[in-house]
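J.: Next up, protein08.pdb (PDB, C-alpha atoms and all ligand atoms).
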ATOM      1  CA  MET A   1       9.910  15.244  10.291  1.00  0.00           C
ATOM      2  CA  LYS A   2       9.739  12.837   7.330  1.00  0.00           C
ATOM      3  CA  LYS A   3       6.997  13.252   4.779  1.00  0.00           C
ATOM      4  CA  LEU A   4       4.975  10.325   3.514  1.00  0.00           C
ATOM      5  CA  ALA A   5       2.942  10.204   0.328  1.00  0.00           C
ATOM      6  CA  ILE A   6       0.342   7.462   0.122  1.00  0.00           C
ATOM      7  CA  LEU A   7      -0.640   6.032  -3.265  1.00  0.00           C
ATOM      8  CA  ALA A   8      -3.911   4.115  -3.229  1.00  0.00           C
ATOM      9  CA  SER A   9      -6.445   3.018  -5.841  1.00  0.00           C
ATOM     10  CA  GLY A  10      -9.459   2.031  -3.800  1.00  0.00           C
ATOM     11  CA  ASN A  11     -11.186   1.876  -0.468  1.00  0.00           C
ATOM     12  CA  GLY A  12      -8.223   2.983   1.623  1.00  0.00           C
ATOM     13  CA  THR A  13      -8.695   1.224   4.950  1.00  0.00           C
ATOM     14  CA  ASN A  14      -4.931   0.796   5.239  1.00  0.00           C
ATOM     15  CA  ALA A  15      -4.365   4.403   4.220  1.00  0.00           C
ATOM     16  CA  GLU A  16      -6.758   5.519   6.948  1.00  0.00           C
ATOM     17  CA  LYS A  17      -4.898   3.529   9.617  1.00  0.00           C
ATOM     18  CA  ILE A  18      -1.651   5.114   8.445  1.00  0.00           C
ATOM     19  CA  MET A  19      -3.116   8.652   8.463  1.00  0.00           C
ATOM     20  CA  GLU A  20      -4.496   8.073  11.955  1.00  0.00           C
ATOM     21  CA  TYR A  21      -1.229   6.664  13.267  1.00  0.00           C
ATOM     22  CA  PHE A  22       1.029   9.388  11.912  1.00  0.00           C
ATOM     23  CA  GLN A  23      -1.253  12.191  13.091  1.00  0.00           C
ATOM     24  CA  LYS A  24       0.318  11.635  16.485  1.00  0.00           C
ATOM     25  CA  SER A  25       3.862  10.845  15.389  1.00  0.00           C
ATOM     26  CA  SER A  26       6.855  13.118  15.812  1.00  0.00           C
ATOM     27  CA  LYS A  27       8.818  11.124  13.216  1.00  0.00           C
ATOM     28  CA  ALA A  28       6.650  11.492  10.135  1.00  0.00           C
ATOM     29  CA  LYS A  29       3.444  12.863   8.726  1.00  0.00           C
ATOM     30  CA  VAL A  30       1.315  12.053   5.718  1.00  0.00           C
ATOM     31  CA  ALA A  31       1.766  14.980   3.345  1.00  0.00           C
ATOM     32  CA  LEU A  32      -0.209  13.710   0.371  1.00  0.00           C
ATOM     33  CA  VAL A  33      -2.700  11.048  -0.650  1.00  0.00           C
ATOM     34  CA  ALA A  34      -2.687  10.447  -4.380  1.00  0.00           C
ATOM     35  CA  SER A  35      -4.862   8.139  -6.426  1.00  0.00           C
ATOM     36  CA  ASN A  36      -5.221   7.068 -10.030  1.00  0.00           C
ATOM     37  CA  LYS A  37      -9.009   6.819  -9.506  1.00  0.00           C
ATOM     38  CA  LYS A  38     -11.105   9.893  -8.895  1.00  0.00           C
ATOM     39  CA  SER A  39     -13.882   7.805  -7.329  1.00  0.00           C
ATOM     40  CA  ALA A  40     -11.521   6.063  -4.879  1.00  0.00           C
ATOM     41  CA  TYR A  41     -12.978   6.207  -1.366  1.00  0.00           C
ATOM     42  CA  VAL A  42      -9.502   6.791   0.028  1.00  0.00           C
ATOM     43  CA  LEU A  43      -9.892  10.418  -1.117  1.00  0.00           C
ATOM     44  CA  GLU A  44     -12.937  10.838   1.161  1.00  0.00           C
ATOM     45  CA  ARG A  45     -11.076   9.297   4.063  1.00  0.00           C
ATOM     46  CA  SER A  46      -8.225  11.776   3.626  1.00  0.00           C
ATOM     47  CA  LYS A  47     -10.575  14.758   4.102  1.00  0.00           C
ATOM     48  CA  LYS A  48     -11.170  13.771   7.724  1.00  0.00           C
ATOM     49  CA  PHE A  49      -7.468  14.263   8.366  1.00  0.00           C
ATOM     50  CA  ASN A  50      -7.135  17.452   6.285  1.00  0.00           C
ATOM     51  CA  ILE A  51      -4.516  15.796   4.133  1.00  0.00           C
ATOM     52  CA  PRO A  52      -4.093  17.130   0.595  1.00  0.00           C
ATOM     53  CA  THR A  53      -5.212  14.788  -2.167  1.00  0.00           C
ATOM     54  CA  ARG A  54      -4.362  14.534  -5.817  1.00  0.00           C
ATOM     55  CA  VAL A  55      -5.834  12.441  -8.612  1.00  0.00           C
ATOM     56  CA  PHE A  56      -3.431  11.625 -11.421  1.00  0.00           C
ATOM     57  CA  SER A  57      -3.896  10.001 -14.796  1.00  0.00           C
ATOM     58  CA  LYS A  58      -2.063   6.962 -16.174  1.00  0.00           C
ATOM     59  CA  GLU A  59      -0.240   9.395 -18.431  1.00  0.00           C
ATOM     60  CA  GLU A  60       0.960  11.480 -15.459  1.00  0.00           C
ATOM     61  CA  LEU A  61       2.191   8.292 -13.819  1.00  0.00           C
ATOM     62  CA  GLN A  62       4.173   7.407 -16.949  1.00  0.00           C
ATOM     63  CA  ASN A  63       5.454  10.818 -18.100  1.00  0.00           C
ATOM     64  CA  GLY A  64       7.150  11.932 -14.876  1.00  0.00           C
ATOM     65  CA  ARG A  65       4.484  14.408 -13.756  1.00  0.00           C
ATOM     66  CA  LEU A  66       3.727  12.290 -10.670  1.00  0.00           C
ATOM     67  CA  ILE A  67       7.408  12.450  -9.682  1.00  0.00           C
ATOM     68  CA  GLU A  68       7.181  16.253  -9.847  1.00  0.00           C
ATOM     69  CA  ILE A  69       4.028  16.247  -7.714  1.00  0.00           C
ATOM     70  CA  LEU A  70       5.678  13.997  -5.136  1.00  0.00           C
ATOM     71  CA  ARG A  71       8.713  16.287  -5.058  1.00  0.00           C
ATOM     72  CA  GLN A  72       6.529  19.375  -4.667  1.00  0.00           C
ATOM     73  CA  HIS A  73       5.168  17.750  -1.514  1.00  0.00           C
ATOM     74  CA  LYS A  74       8.750  17.068  -0.353  1.00  0.00           C
ATOM     75  CA  THR A  75       8.051  13.344  -0.222  1.00  0.00           C
ATOM     76  CA  ASP A  76      10.640  11.246   1.629  1.00  0.00           C
ATOM     77  CA  PHE A  77       8.796   7.919   1.465  1.00  0.00           C
ATOM     78  CA  ILE A  78       6.082   6.599  -0.813  1.00  0.00           C
ATOM     79  CA  ILE A  79       3.631   4.225   0.827  1.00  0.00           C
ATOM     80  CA  LEU A  80       1.600   1.965  -1.427  1.00  0.00           C
ATOM     81  CA  ALA A  81      -1.698   1.015   0.196  1.00  0.00           C
ATOM     82  CA  GLY A  82      -3.761  -0.926  -2.297  1.00  0.00           C
ATOM     83  CA  PHE A  83      -2.191   0.796  -5.294  1.00  0.00           C
ATOM     84  CA  LEU A  84      -2.950  -1.377  -8.271  1.00  0.00           C
ATOM     85  CA  LEU A  85      -0.884   0.022 -11.155  1.00  0.00           C
ATOM     86  CA  GLN A  86       2.695  -0.959 -11.819  1.00  0.00           C
ATOM     87  CA  LEU A  87       5.159   1.835 -11.016  1.00  0.00           C
ATOM     88  CA  PRO A  88       7.352   3.027 -13.899  1.00  0.00           C
ATOM     89  CA  GLN A  89      11.102   2.500 -13.587  1.00  0.00           C
ATOM     90  CA  ALA A  90      11.729   6.254 -13.454  1.00  0.00           C
ATOM     91  CA  LEU A  91       9.624   6.596 -10.325  1.00  0.00           C
ATOM     92  CA  ILE A  92      11.361   3.670  -8.632  1.00  0.00           C
ATOM     93  CA  LYS A  93      14.744   5.195  -9.552  1.00  0.00           C
ATOM     94  CA  ALA A  94      13.683   8.620  -8.244  1.00  0.00           C
ATOM     95  CA  PHE A  95      12.945   7.153  -4.778  1.00  0.00           C
ATOM     96  CA  PRO A  96      15.430   4.269  -4.368  1.00  0.00           C
ATOM     97  CA  GLY A  97      14.728   2.182  -1.273  1.00  0.00           C
ATOM     98  CA  LYS A  98      12.001   4.640  -0.273  1.00  0.00           C
ATOM     99  CA  ILE A  99       8.918   2.941  -1.651  1.00  0.00           C
ATOM    100  CA  ILE A 100       7.084   0.550   0.649  1.00  0.00           C
ATOM    101  CA  ASN A 101       4.316  -1.847  -0.386  1.00  0.00           C
ATOM    102  CA  ILE A 102       1.983  -4.193   1.425  1.00  0.00           C
ATOM    103  CA  HIS A 103       0.902  -7.408  -0.232  1.00  0.00           C
ATOM    104  CA  PRO A 104      -2.012  -9.475   1.101  1.00  0.00           C
ATOM    105  CA  ALA A 105      -0.234 -12.855   1.116  1.00  0.00           C
ATOM    106  CA  LEU A 106       2.995 -14.497   2.179  1.00  0.00           C
ATOM    107  CA  LEU A 107       5.310 -13.643  -0.715  1.00  0.00           C
ATOM    108  CA  PRO A 108       6.832 -15.177  -2.786  1.00  0.00           C
ATOM    109  CA  LYS A 109       3.555 -17.095  -2.858  1.00  0.00           C
ATOM    110  CA  TYR A 110       0.649 -15.421  -4.649  1.00  0.00           C
ATOM    111  CA  GLY A 111       2.633 -12.477  -5.993  1.00  0.00           C
ATOM    112  CA  GLY A 112       3.154 -11.051  -9.461  1.00  0.00           C
ATOM    113  CA  LYS A 113       0.946  -9.680 -12.181  1.00  0.00           C
ATOM    114  CA  GLY A 114      -2.789  -9.903 -11.613  1.00  0.00           C
ATOM    115  CA  MET A 115      -2.322 -10.888  -7.981  1.00  0.00           C
ATOM    116  CA  TYR A 116      -4.048  -8.164  -6.022  1.00  0.00           C
ATOM    117  CA  GLY A 117      -6.884  -7.827  -3.564  1.00  0.00           C
ATOM    118  CA  GLN A 118      -9.600 -10.446  -3.874  1.00  0.00           C
ATOM    119  CA  HIS A 119      -7.744 -12.385  -6.623  1.00  0.00           C
ATOM    120  CA  VAL A 120      -5.099 -13.269  -4.060  1.00  0.00           C
ATOM    121  CA  HIS A 121      -7.594 -14.509  -1.458  1.00  0.00           C
ATOM    122  CA  GLN A 122      -9.444 -16.512  -4.103  1.00  0.00           C
ATOM    123  CA  ALA A 123      -6.186 -18.220  -5.160  1.00  0.00           C
ATOM    124  CA  VAL A 124      -5.263 -18.930  -1.555  1.00  0.00           C
ATOM    125  CA  LYS A 125      -8.688 -20.492  -0.968  1.00  0.00           C
ATOM    126  CA  GLU A 126      -8.394 -22.665  -4.087  1.00  0.00           C
ATOM    127  CA  SER A 127      -4.931 -23.868  -3.049  1.00  0.00           C
ATOM    128  CA  GLY A 128      -6.214 -25.340   0.214  1.00  0.00           C
ATOM    129  CA  ASP A 129      -3.300 -23.737   2.142  1.00  0.00           C
ATOM    130  CA  SER A 130      -3.736 -23.760   5.894  1.00  0.00           C
ATOM    131  CA  GLU A 131      -2.286 -20.291   6.370  1.00  0.00           C
ATOM    132  CA  THR A 132      -1.913 -16.952   4.652  1.00  0.00           C
ATOM    133  CA  GLY A 133      -0.706 -13.559   5.783  1.00  0.00           C
ATOM    134  CA  ILE A 134       0.831 -10.244   4.834  1.00  0.00           C
ATOM    135  CA  THR A 135       4.144  -9.114   3.406  1.00  0.00           C
ATOM    136  CA  ILE A 136       5.567  -5.625   3.730  1.00  0.00           C
ATOM    137  CA  HIS A 137       8.419  -5.051   1.323  1.00  0.00           C
ATOM    138  CA  LEU A 138      10.475  -2.446  -0.483  1.00  0.00           C
ATOM    139  CA  VAL A 139       9.571  -1.920  -4.111  1.00  0.00           C
ATOM    140  CA  ASN A 140      12.149  -2.612  -6.791  1.00  0.00           C
ATOM    141  CA  GLU A 141      11.983  -3.037 -10.555  1.00  0.00           C
ATOM    142  CA  ASN A 142      10.341  -6.457 -10.326  1.00  0.00           C
ATOM    143  CA  TYR A 143       6.779  -6.623  -9.160  1.00  0.00           C
ATOM    144  CA  ASP A 144       6.432  -8.062  -5.632  1.00  0.00           C
ATOM    145  CA  GLU A 145      10.129  -9.034  -5.506  1.00  0.00           C
ATOM    146  CA  GLY A 146      11.720  -6.247  -3.454  1.00  0.00           C
ATOM    147  CA  LYS A 147      13.393  -6.855  -0.108  1.00  0.00           C
ATOM    148  CA  ILE A 148      10.970  -8.308   2.435  1.00  0.00           C
ATOM    149  CA  ILE A 149      10.845  -6.272   5.629  1.00  0.00           C
ATOM    150  CA  PHE A 150       8.099  -7.976   7.561  1.00  0.00           C
ATOM    151  CA  GLN A 151       5.688 -10.896   7.352  1.00  0.00           C
ATOM    152  CA  ALA A 152       2.906 -12.100   9.626  1.00  0.00           C
ATOM    153  CA  ALA A 153       0.761 -15.187   9.181  1.00  0.00           C
ATOM    154  CA  VAL A 154      -2.769 -16.172  10.101  1.00  0.00           C
ATOM    155  CA  SER A 155      -4.369 -19.591   9.937  1.00  0.00           C
ATOM    156  CA  ILE A 156      -7.171 -20.428   7.544  1.00  0.00           C
ATOM    157  CA  ASP A 157     -10.056 -22.586   8.678  1.00  0.00           C
ATOM    158  CA  GLN A 158     -11.342 -25.097   6.148  1.00  0.00           C
ATOM    159  CA  GLY A 159     -14.712 -23.409   5.852  1.00  0.00           C
ATOM    160  CA  ASP A 160     -13.331 -19.867   5.397  1.00  0.00           C
ATOM    161  CA  SER A 161     -14.599 -18.122   2.272  1.00  0.00           C
ATOM    162  CA  PRO A 162     -12.278 -15.828   0.284  1.00  0.00           C
ATOM    163  CA  GLU A 163     -14.095 -12.898   1.949  1.00  0.00           C
ATOM    164  CA  GLU A 164     -13.375 -14.295   5.400  1.00  0.00           C
ATOM    165  CA  ILE A 165      -9.740 -14.831   4.452  1.00  0.00           C
ATOM    166  CA  ALA A 166      -9.630 -11.210   3.252  1.00  0.00           C
ATOM    167  CA  GLU A 167     -11.001 -10.026   6.600  1.00  0.00           C
ATOM    168  CA  LYS A 168      -8.317 -11.891   8.520  1.00  0.00           C
ATOM    169  CA  VAL A 169      -5.619 -10.468   6.261  1.00  0.00           C
ATOM    170  CA  HIS A 170      -6.984  -6.936   6.551  1.00  0.00           C
ATOM    171  CA  ALA A 171      -6.900  -7.206  10.343  1.00  0.00           C
ATOM    172  CA  LEU A 172      -3.204  -8.104  10.187  1.00  0.00           C
ATOM    173  CA  GLU A 173      -2.506  -5.279   7.751  1.00  0.00           C
ATOM    174  CA  HIS A 174      -4.187  -2.705   9.970  1.00  0.00           C
ATOM    175  CA  LYS A 175      -2.355  -3.969  13.026  1.00  0.00           C
ATOM    176  CA  TYR A 176       1.136  -3.959  11.557  1.00  0.00           C
ATOM    177  CA  TYR A 177       1.515  -1.657   8.541  1.00  0.00           C
ATOM    178  CA  PRO A 178       1.763   1.704  10.372  1.00  0.00           C
ATOM    179  CA  ASN A 179       4.306   0.401  12.909  1.00  0.00           C
ATOM    180  CA  VAL A 180       6.451  -1.252  10.281  1.00  0.00           C
ATOM    181  CA  ILE A 181       6.483   1.966   8.251  1.00  0.00           C
ATOM    182  CA  GLU A 182       7.561   3.897  11.330  1.00  0.00           C
ATOM    183  CA  SER A 183      10.378   1.436  11.986  1.00  0.00           C
ATOM    184  CA  LEU A 184      11.671   1.949   8.434  1.00  0.00           C
ATOM    185  CA  ILE A 185      11.832   5.744   8.367  1.00  0.00           C
TER
HETATM  186  C1  LIG B 201      -4.936  -4.547   0.803  1.00  0.00           C
HETATM  187  O1  LIG B 201      -5.315  -5.821   1.232  1.00  0.00           O
HETATM  188  C2  LIG B 201      -3.555  -4.605   0.155  1.00  0.00           C
HETATM  189  O2  LIG B 201      -2.716  -5.564   0.734  1.00  0.00           O
HETATM  190  C3  LIG B 201      -3.897  -4.966  -1.262  1.00  0.00           C
HETATM  191  O3  LIG B 201      -5.033  -4.204  -1.554  1.00  0.00           O
HETATM  192  C4  LIG B 201      -5.816  -4.086  -0.376  1.00  0.00           C
HETATM  193  C5  LIG B 201      -6.254  -2.645  -0.225  1.00  0.00           C
HETATM  194  O4  LIG B 201      -7.194  -2.527   0.823  1.00  0.00           O
HETATM  195  N1  LIG B 201      -2.789  -4.693  -2.150  1.00  0.00           N
HETATM  196  C6  LIG B 201      -2.481  -5.479  -3.169  1.00  0.00           C
HETATM  197  O5  LIG B 201      -3.125  -6.463  -3.467  1.00  0.00           O
HETATM  198  C7  LIG B 201      -1.252  -5.045  -3.945  1.00  0.00           C
HETATM  199  N2  LIG B 201      -0.767  -6.118  -4.773  1.00  0.00           N
HETATM  200  P1  LIG B 201      -7.583  -1.119   1.412  1.00  0.00           P
HETATM  201  O6  LIG B 201      -7.916  -0.198   0.232  1.00  0.00           O
HETATM  202  O7  LIG B 201      -8.775  -1.387   2.269  1.00  0.00           O
HETATM  203  O8  LIG B 201      -6.410  -0.602   2.195  1.00  0.00           O
END
Reformat the file's structure so that it appears as structure tokens.
Ligand code: GAR
T.:
Amino acid sequence: MKKLAILASGNGTNAEKIMEYFQKSSKAKVALVASNKKSAYVLERSKKFNIPTRVFSKEELQNGRLIEILRQHKTDFIILAGFLLQLPQALIKAFPGKIINIHPALLPKYGGKGMYGQHVHQAVKESGDSETGITIHLVNENYDEGKIIFQAAVSIDQGDSPEEIAEKVHALEHKYYPNVIESLI
């Protein structure tokens, strides 16, 4: 049984779908949900599933303490689900090829620094693109540039607001992220 640790900074709708999915899996289980924000709603969601939670500081992310915590929970894979801080090199090196991220656009478009959550959907709207989507990828040293594992697209209607685009993207994320994780482990 592989152990997954979810890192999330906010609401946690993707994290919840993953917790729900792996409750019934014989391949993996979610062993830890960790957040850099103590007010993150993802921590509430985790209670429903009796999954241990941990809040860590920016310092603990940088000084190696988070790596220790992840090891204490025997983490095999780290799942980023709306985690908004950049991972330090030491953490990426400690879990090579074992960190999975979801990005709310079709990378390489709309990736990189500052491109997260609503900022992405706003940029997509301003571009006038006729489609957007999701990218699930491995995390390497360069933000949003790791190996792409999976992409799915959705069309944008001219009148769609950034919020409506976000809703379409979230629906794709919820549909695919858990299955793609399972196929990788
Ligand atoms: C998701 O749309 C995810 O793709 C995005 O944050 C949202 C979190 O939503 N991640 C990034 O933008 C990372 N660059 P959630 O908290 O409801 O799962």
J.: Output the residue selection produced by the PyMOL selection byres (((chain A and resi 165) around 12) and not hetatm) on the file above, formatted as a PyMOL selection string.
T.: chain A and resi 104-105+117-126+128-134+153-164+166-172
J.: Could you give me the residues within 9 Å of ligand LIG 201 (chain B), counting all atoms listed in the file, as an MDAnalysis selection string?
T.: chainID A and resid 8:17 40:42 80:85 101:105 111:120 134:136 143:144 166:167 169:170 173:174
J.: Have a look at atom CA of Ile67 of chain A and atom CA of Lys2 of chain A and let me know their distance in Å, one decimal.
T.: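 So the two atoms, atom CA of Ile67 of chain A and atom CA of Lys2 of chain A, lie 17.2 Å apart.
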J.: Let me make sure I understand: among A:Lys109, A:Ile6, A:Ile79, A:Pro88, which one has the smallest atom-to-atom distance to Asn142 of chain A if we use all atoms listed in the file?
T.: A:Pro88
J.: Can you work out the spacing between atom CA of Gly97 of chain A and atom CA of Arg54 of chain A in Å, to one decimal?
T.: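 One can read the atom CA of Gly97 of chain A to atom CA of Arg54 of chain A distance as 23.2 Å.
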J.: Save segment 86-109 of chain A to a file: N, CA, C and O atoms, as an mmCIF file, in the first residue's frame.
T.:
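The resulting file, result.cif, is shown below:
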data_model
loop_
_atom_site.group_PDB
_atom_site.id
_atom_site.type_symbol
_atom_site.label_atom_id
_atom_site.label_comp_id
_atom_site.auth_asym_id
_atom_site.auth_seq_id
_atom_site.Cartn_x
_atom_site.Cartn_y
_atom_site.Cartn_z
ATOM 1 N N GLN A 86 6.608 27.694 -3.739
ATOM 2 C CA GLN A 86 7.579 26.936 -4.523
ATOM 3 C C GLN A 86 8.287 25.930 -3.615
ATOM 4 O O GLN A 86 8.640 26.257 -2.476
ATOM 5 N N LEU A 87 8.487 24.717 -4.106
ATOM 6 C CA LEU A 87 9.163 23.698 -3.288
ATOM 7 C C LEU A 87 10.664 23.918 -3.331
ATOM 8 O O LEU A 87 11.232 24.156 -4.399
ATOM 9 N N PRO A 88 11.354 23.779 -2.188
ATOM 10 C CA PRO A 88 12.814 23.914 -2.208
ATOM 11 C C PRO A 88 13.458 22.719 -2.922
ATOM 12 O O PRO A 88 12.891 21.625 -2.951
ATOM 13 N N GLN A 89 14.640 22.970 -3.466
ATOM 14 C CA GLN A 89 15.357 21.919 -4.205
ATOM 15 C C GLN A 89 15.543 20.665 -3.366
ATOM 16 O O GLN A 89 15.457 19.548 -3.871
ATOM 17 N N ALA A 90 15.832 20.843 -2.081
ATOM 18 C CA ALA A 90 16.105 19.675 -1.222
ATOM 19 C C ALA A 90 14.893 18.748 -1.151
ATOM 20 O O ALA A 90 15.046 17.522 -1.136
ATOM 21 N N LEU A 91 13.726 19.322 -1.132
ATOM 22 C CA LEU A 91 12.507 18.501 -1.076
ATOM 23 C C LEU A 91 12.309 17.757 -2.395
ATOM 24 O O LEU A 91 11.972 16.564 -2.418
ATOM 25 N N ILE A 92 12.554 18.448 -3.498
ATOM 26 C CA ILE A 92 12.405 17.808 -4.811
ATOM 27 C C ILE A 92 13.425 16.674 -4.952
ATOM 28 O O ILE A 92 13.110 15.589 -5.449
ATOM 29 N N LYS A 93 14.635 16.909 -4.431
ATOM 30 C CA LYS A 93 15.685 15.869 -4.504
ATOM 31 C C LYS A 93 15.367 14.692 -3.585
ATOM 32 O O LYS A 93 15.738 13.556 -3.861
ATOM 33 N N ALA A 94 14.685 14.959 -2.473
ATOM 34 C CA ALA A 94 14.367 13.891 -1.517
ATOM 35 C C ALA A 94 13.280 12.944 -2.059
ATOM 36 O O ALA A 94 13.188 11.801 -1.626
ATOM 37 N N PHE A 95 12.479 13.437 -3.007
ATOM 38 C CA PHE A 95 11.391 12.617 -3.575
ATOM 39 C C PHE A 95 11.448 12.682 -5.108
ATOM 40 O O PHE A 95 10.497 13.146 -5.757
ATOM 41 N N PRO A 96 12.547 12.202 -5.711
ATOM 42 C CA PRO A 96 12.695 12.380 -7.168
ATOM 43 C C PRO A 96 11.633 11.598 -7.944
ATOM 44 O O PRO A 96 11.438 10.398 -7.712
ATOM 45 N N GLY A 97 10.958 12.284 -8.835
ATOM 46 C CA GLY A 97 9.930 11.641 -9.665
ATOM 47 C C GLY A 97 8.698 11.235 -8.877
ATOM 48 O O GLY A 97 7.839 10.496 -9.392
ATOM 49 N N LYS A 98 8.591 11.693 -7.650
ATOM 50 C CA LYS A 98 7.477 11.247 -6.784
ATOM 51 C C LYS A 98 6.593 12.410 -6.351
ATOM 52 O O LYS A 98 5.848 12.296 -5.377
ATOM 53 N N ILE A 99 6.756 13.541 -7.001
ATOM 54 C CA ILE A 99 5.916 14.687 -6.653
ATOM 55 C C ILE A 99 5.052 15.029 -7.866
ATOM 56 O O ILE A 99 5.564 15.227 -8.976
ATOM 57 N N ILE A 100 3.753 15.057 -7.639
ATOM 58 C CA ILE A 100 2.799 15.256 -8.734
ATOM 59 C C ILE A 100 2.042 16.569 -8.493
ATOM 60 O O ILE A 100 1.607 16.837 -7.372
ATOM 61 N N ASN A 101 1.895 17.349 -9.558
ATOM 62 C CA ASN A 101 1.179 18.626 -9.437
ATOM 63 C C ASN A 101 0.061 18.697 -10.471
ATOM 64 O O ASN A 101 0.132 18.060 -11.517
ATOM 65 N N ILE A 102 -0.952 19.472 -10.136
ATOM 66 C CA ILE A 102 -1.983 19.780 -11.137
ATOM 67 C C ILE A 102 -1.958 21.279 -11.369
ATOM 68 O O ILE A 102 -1.849 22.068 -10.429
ATOM 69 N N HIS A 103 -2.027 21.642 -12.640
ATOM 70 C CA HIS A 103 -2.014 23.058 -13.009
ATOM 71 C C HIS A 103 -3.295 23.354 -13.798
ATOM 72 O O HIS A 103 -3.653 22.597 -14.700
ATOM 73 N N PRO A 104 -3.949 24.484 -13.493
ATOM 74 C CA PRO A 104 -5.269 24.722 -14.096
ATOM 75 C C PRO A 104 -5.216 25.379 -15.467
ATOM 76 O O PRO A 104 -5.952 26.337 -15.732
ATOM 77 N N ALA A 105 -4.357 24.891 -16.344
ATOM 78 C CA ALA A 105 -4.281 25.379 -17.727
ATOM 79 C C ALA A 105 -3.510 24.354 -18.540
ATOM 80 O O ALA A 105 -2.982 23.380 -17.990
ATOM 81 N N LEU A 106 -3.447 24.616 -19.840
ATOM 82 C CA LEU A 106 -2.730 23.689 -20.725
ATOM 83 C C LEU A 106 -1.280 24.146 -20.835
ATOM 84 O O LEU A 106 -0.931 24.938 -21.704
ATOM 85 N N LEU A 107 -0.440 23.643 -19.941
ATOM 86 C CA LEU A 107 0.986 24.010 -19.983
ATOM 87 C C LEU A 107 1.554 23.596 -21.328
ATOM 88 O O LEU A 107 1.084 22.608 -21.899
ATOM 89 N N PRO A 108 2.555 24.286 -21.905
ATOM 90 C CA PRO A 108 3.335 25.348 -21.267
ATOM 91 C C PRO A 108 2.644 26.717 -21.238
ATOM 92 O O PRO A 108 3.241 27.687 -20.769
ATOM 93 N N LYS A 109 1.421 26.802 -21.730
ATOM 94 C CA LYS A 109 0.748 28.102 -21.652
ATOM 95 C C LYS A 109 0.332 28.387 -20.207
ATOM 96 O O LYS A 109 -0.091 27.483 -19.492
#
